[in-house]
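For reference, the structure is listed below as structure tokens.
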Amino acid sequence: MAHLELRNLTFYYPAGTEPALSDATLSVPAGQFVVLCGPSGSGKSTMLRLLKREVSPGGRIGGRIELGGIPLGEWPARELAAAVGLVMQNPDNQLVVDTVEHELAFGMENFGLERDEMRRRMAEMAGFFGLEPLLGRKTDELSGGQKQTVNVAAALLLRPRVLLLDEPLAQLDPLAARELLGMIKRLNDEWGITVVMSEHRIDDLLPLADRVVRMDGGRIVFDGEARAFVREAWRRADDAWTSALPSITRWALEAEPSAADEPPLTVKEARGRLPRFPRWPQSAATAESVPTHGSPAQTPAPPERTALTAPTKPALLAAKELFFAYDKRSPAVLRGLAWDVRPGDWAALFGGNGSGKSTLLQLLAGLREPQRGSIACAGKPLARLKAKERFAEIGYLAQNPVLHYAHDILLEDLVHAAARTGADTVRAEADARAMADRLGIERLLSRHPHDMSGGEQQLGALAITLLGKPKLLLLDEPTKGLDPLAKRILGEHLRHIHKEGTTLAMATHDVEFAAAYANRCSLLFHGEIVADGEPEAFFRGNLFYATPLHRLLALEEATAR
């Protein structure tokens with residue numbers, strides 16, 4: 001008998017005319033590690049929420065969900081709450097109290113655990129996830145990745161039988177993502193916890209997964225082991241499928257189609273096949289942007305990359321000697337930081353979770369004020385610019401896209417944003433609809449923002465920001481929650497406005513997106529910029545902030561020496 005079973009599950013949201021889930025049938029044995037993938041809006045988050053009865057969305061449901069052979073609706077509330085743990089897509093939606101320690105204790109307190117038992121579990125879990133330094137920190141001062149790690153730890157403190165994870169890697173830096181995956185796999189192997197993880201970034205997941213389940217249009221369209229998923233995607237020759245494959249796998253199959261019989265999933269496996277590869281990419285960065293296969297005529301050209309702006313050109317934003325701390329008791333996040341953004345830049349800002357990337361963007365956008373140091377916008381002190389002037393100069397996309405919404409339907413938010421540029425009502429609505437069409441979200445215009453998936457919310461928030469037509473665009477994790485095709489649509493649109501004169505600076509953990517599009521990369525560490533330069537040189541010198549192909553080429557160069 002399956003541990004977790006869905007039988008002909010169908011679900012409609014209250015105002016929906018099309019099903020969010022349609023006839024979904026899935027059986028998961030106890031202890032399996034299942035990766036749930038598919039485009040944004042395909043039903044992944046809806047399925048996970050339906051499996052966690054306490055946060056199940058309202059709407060019309062058909063079919064059955066069973067846990068341990070018992071219908072979910074028949075489980076006692078207390079037992080079910082402990083048996084199924086869920087980590088939501090947006091970490092802010094799950095944090096309920098003021099400090100990390102209180103957040104970790106909250107669930108256990110609600111279950112009435114003894115104080116000694118709570119302290120023992122917390123000590124063990126905080127040590128496992130490296131959370132001891134954060135226990136006294138306020139949750140609203142944590143980075144997105146730190147919040148997500150806290151949520152995973154809090155869910156595990158109740159010792160669930162099933163752990164549901166909705167894009168837990170979206171806000172983690174590359175090293176933290178690998179560490180979290182390693183911990184989850186250990187829990188899966190050593191504790192036998194059943195894991196169902198929804199994720200767009202499956203490069204590191206495929207070697208770990210027992211099964212891959214792909215969804216599209218609310219239906220399950222594939223269910224099988226990882227290499228079978230790769231073979232099916234390659235057989236279909238459909239961009240929607242092949243773009244989801246790890247870049248190292250795509251490149252290997254492009255170079256040697258016969259590798260499809262036993263496709264490599266990791267750099268290690270690809271390296272073992274290197275002697276048979278007939279060609280090498282001219283640039284590891286441009287190779288990341290070629291996600292399809294077929295004849296040369298079908299393969300898209302690599303994106304044009306604007307040259308890095310000469311340092312002598314006047315900066316649009318210039319930060320000097322910036323110091324910032326959230327309170328007197330906390331260590332400084334930024335320590336004498338100096339960084340500027342020049343016209344023509346498409347700058348990618350990297351750094352570990354909690355390194356200060358979001359804080360720096362908020363300072364540059366005028367949303368926070370530094371304790372020391374200065375920020376100049378086009379040569380003028382940023383603090384002296386009026387809100388309207390700042391809005392015309394600087395656009396800002398927050399890490400949490402929900403912060404950008406103020407109306408009941410997406411179209412109203414877009415029209416309001418377009419009207420702030422001075423457009424009349426008719427023109428504002430036309431601009432709003434045109435922007436939605438360019439970003440592929442026109443079908444969502446009548447939806448409530450909270451009924452959209454995380455990726456759809458991200459694109460909607462970006463549309464709101466772009467409608468302000470700023471000269472400089474600051475983007476905090478712009479690819480978070482986006483499937484590969486949506487990410488490419490975003491990249492091409494940003495490349496278009498960049499060529500038209502918009503300067504871009506983005507804080508990101510998405511190494512491959514930066515490798516394909518950015519013309520400048522910077523690394524923030526210990527409150528300072530410690531590396532800054534062109535992408536190819538930047539990535540070639542890194543171990544973790546590097547694409548799989550850069551790591552592969554680095555291994556070969558080291559072997560050759």
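Here's how to read the names in the structure tokens: chain A, B, ... by the order shown, residue numbers from 1 in each chain, ligand numbers from 1 in the order shown.
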Contacts of region 452-455 of chain A at 10 Å (only C-alpha atoms; same-chain gap of 2+ positions) as a PyMOL selection string: chain A and resi 39-46+88-90+166-167+200+400-402+410+444+447-450+457-461+478-483+486-487
Output file for the selection above: N, CA and C atoms, as an mmCIF file, in the first residue's frame:
data_model
loop_
_atom_site.group_PDB
_atom_site.id
_atom_site.type_symbol
_atom_site.label_atom_id
_atom_site.label_comp_id
_atom_site.auth_asym_id
_atom_site.auth_seq_id
_atom_site.Cartn_x
_atom_site.Cartn_y
_atom_site.Cartn_z
ATOM 1 N N PRO A 39 6.062 23.785 -15.361
ATOM 2 C CA PRO A 39 6.032 25.240 -15.499
ATOM 3 C C PRO A 39 5.253 25.917 -14.383
ATOM 4 N N SER A 40 5.507 27.223 -14.207
ATOM 5 C CA SER A 40 4.750 28.007 -13.229
ATOM 6 C C SER A 40 3.264 27.926 -13.541
ATOM 7 N N GLY A 41 2.442 27.734 -12.509
ATOM 8 C CA GLY A 41 1.002 27.652 -12.707
ATOM 9 C C GLY A 41 0.516 26.282 -13.137
ATOM 10 N N SER A 42 1.394 25.261 -13.093
ATOM 11 C CA SER A 42 0.989 23.929 -13.556
ATOM 12 C C SER A 42 0.239 23.136 -12.493
ATOM 13 N N GLY A 43 0.204 23.645 -11.242
ATOM 14 C CA GLY A 43 -0.550 22.975 -10.189
ATOM 15 C C GLY A 43 0.294 22.384 -9.075
ATOM 16 N N LYS A 44 1.610 22.614 -9.102
ATOM 17 C CA LYS A 44 2.499 22.009 -8.100
ATOM 18 C C LYS A 44 2.177 22.521 -6.690
ATOM 19 N N SER A 45 2.125 23.849 -6.535
ATOM 20 C CA SER A 45 1.853 24.418 -5.207
ATOM 21 C C SER A 45 0.452 24.052 -4.724
ATOM 22 N N THR A 46 -0.519 24.033 -5.638
ATOM 23 C CA THR A 46 -1.883 23.651 -5.273
ATOM 24 C C THR A 46 -1.915 22.231 -4.732
ATOM 25 N N MET A 88 6.419 26.413 2.822
ATOM 26 C CA MET A 88 5.756 27.133 1.734
ATOM 27 C C MET A 88 6.750 27.844 0.820
ATOM 28 N N GLN A 89 6.238 28.251 -0.324
ATOM 29 C CA GLN A 89 7.053 28.897 -1.342
ATOM 30 C C GLN A 89 7.580 30.244 -0.862
ATOM 31 N N ASN A 90 6.728 31.023 -0.203
ATOM 32 C CA ASN A 90 7.137 32.336 0.303
ATOM 33 C C ASN A 90 7.422 32.208 1.787
ATOM 34 N N ASP A 166 7.912 23.363 -0.998
ATOM 35 C CA ASP A 166 7.504 24.121 -2.176
ATOM 36 C C ASP A 166 8.603 25.116 -2.542
ATOM 37 N N GLU A 167 9.457 24.714 -3.468
ATOM 38 C CA GLU A 167 10.592 25.518 -3.940
ATOM 39 C C GLU A 167 11.450 26.043 -2.784
ATOM 40 N N HIS A 200 12.060 24.291 -9.451
ATOM 41 C CA HIS A 200 12.439 24.551 -10.842
ATOM 42 C C HIS A 200 13.919 24.271 -11.067
ATOM 43 N N ASN A 400 10.202 39.856 -1.912
ATOM 44 C CA ASN A 400 8.864 39.305 -1.708
ATOM 45 C C ASN A 400 7.904 40.004 -2.670
ATOM 46 N N PRO A 401 7.473 39.349 -3.752
ATOM 47 C CA PRO A 401 6.659 40.021 -4.765
ATOM 48 C C PRO A 401 5.308 40.501 -4.254
ATOM 49 N N VAL A 402 4.781 39.876 -3.205
ATOM 50 C CA VAL A 402 3.457 40.245 -2.688
ATOM 51 C C VAL A 402 3.429 41.702 -2.209
ATOM 52 N N LEU A 410 -4.926 41.613 -10.714
ATOM 53 C CA LEU A 410 -3.627 42.024 -11.236
ATOM 54 C C LEU A 410 -3.743 43.229 -12.170
ATOM 55 N N LEU A 444 -3.597 36.076 -16.634
ATOM 56 C CA LEU A 444 -3.747 36.269 -15.193
ATOM 57 C C LEU A 444 -4.347 37.624 -14.833
ATOM 58 N N ARG A 447 -7.036 37.706 -12.243
ATOM 59 C CA ARG A 447 -6.801 36.899 -11.040
ATOM 60 C C ARG A 447 -6.419 37.768 -9.850
ATOM 61 N N HIS A 448 -6.808 37.311 -8.665
ATOM 62 C CA HIS A 448 -6.328 37.950 -7.441
ATOM 63 C C HIS A 448 -4.854 37.570 -7.269
ATOM 64 N N PRO A 449 -3.970 38.523 -6.922
ATOM 65 C CA PRO A 449 -2.538 38.207 -6.804
ATOM 66 C C PRO A 449 -2.245 37.038 -5.870
ATOM 67 N N HIS A 450 -3.044 36.868 -4.815
ATOM 68 C CA HIS A 450 -2.774 35.798 -3.865
ATOM 69 C C HIS A 450 -3.215 34.433 -4.378
ATOM 70 N N GLN A 457 3.376 35.461 -9.413
ATOM 71 C CA GLN A 457 3.455 36.679 -8.599
ATOM 72 C C GLN A 457 4.724 37.458 -8.904
ATOM 73 N N GLN A 458 5.819 36.737 -9.144
ATOM 74 C CA GLN A 458 7.092 37.386 -9.440
ATOM 75 C C GLN A 458 7.018 38.154 -10.751
ATOM 76 N N LEU A 459 6.439 37.547 -11.781
ATOM 77 C CA LEU A 459 6.319 38.226 -13.076
ATOM 78 C C LEU A 459 5.367 39.413 -12.993
ATOM 79 N N GLY A 460 4.279 39.267 -12.217
ATOM 80 C CA GLY A 460 3.355 40.382 -12.042
ATOM 81 C C GLY A 460 4.019 41.555 -11.345
ATOM 82 N N ALA A 461 4.805 41.281 -10.302
ATOM 83 C CA ALA A 461 5.511 42.347 -9.583
ATOM 84 C C ALA A 461 6.529 43.021 -10.488
ATOM 85 N N PRO A 478 15.235 38.335 -9.188
ATOM 86 C CA PRO A 478 14.160 38.421 -10.179
ATOM 87 C C PRO A 478 13.728 37.084 -10.767
ATOM 88 N N THR A 479 14.593 36.056 -10.734
ATOM 89 C CA THR A 479 14.223 34.774 -11.337
ATOM 90 C C THR A 479 13.638 33.800 -10.324
ATOM 91 N N LYS A 480 13.491 34.240 -9.070
ATOM 92 C CA LYS A 480 12.959 33.363 -8.025
ATOM 93 C C LYS A 480 11.559 32.871 -8.394
ATOM 94 N N GLY A 481 11.357 31.552 -8.356
ATOM 95 C CA GLY A 481 10.038 30.983 -8.608
ATOM 96 C C GLY A 481 9.671 30.821 -10.067
ATOM 97 N N LEU A 482 10.587 31.148 -10.990
ATOM 98 C CA LEU A 482 10.262 31.071 -12.412
ATOM 99 C C LEU A 482 10.744 29.751 -13.005
ATOM 100 N N ASP A 483 9.910 29.153 -13.862
ATOM 101 C CA ASP A 483 10.337 27.985 -14.588
ATOM 102 C C ASP A 483 11.302 28.406 -15.695
ATOM 103 N N ALA A 486 9.809 30.675 -18.513
ATOM 104 C CA ALA A 486 9.453 31.998 -18.004
ATOM 105 C C ALA A 486 10.714 32.810 -17.727
ATOM 106 N N LYS A 487 11.752 32.135 -17.256
ATOM 107 C CA LYS A 487 13.020 32.809 -16.991
ATOM 108 C C LYS A 487 13.623 33.351 -18.292
#
Strand (DSSP E or B) positions in region 119-272 of chain A, given as a PyMOL selection string: chain A and resi 138+162-166+194-198+211-216+219-224
Non-local contacts of Arg214 (chain A) (12 Å; only C-alpha atoms; under 3 positions in same chain excluded) as a PyMOL selection string: chain A and resi 24+26+34-40+42-44+197-200+202+211+217-226+228-230+232-233+240-241+244-245
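Closest to His493 (chain A) among A:Asp451, A:Phe513, A:Asp116, A:Met435 is A:Met435, based on only C-alpha atoms.
Restricting the calculation to only C-alpha atoms, the smallest distance between Phe324 (chain A) and any of A:Pro14, A:Gly356, A:Gly62, A:Gly379 is found for A:Gly356.
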Distance criterion (only C-alpha atoms): nearest to Lys388 (chain A) out of A:Pro264, A:Gly468, A:Gly63, A:Gly85: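 Closest candidate: A:Gly468.
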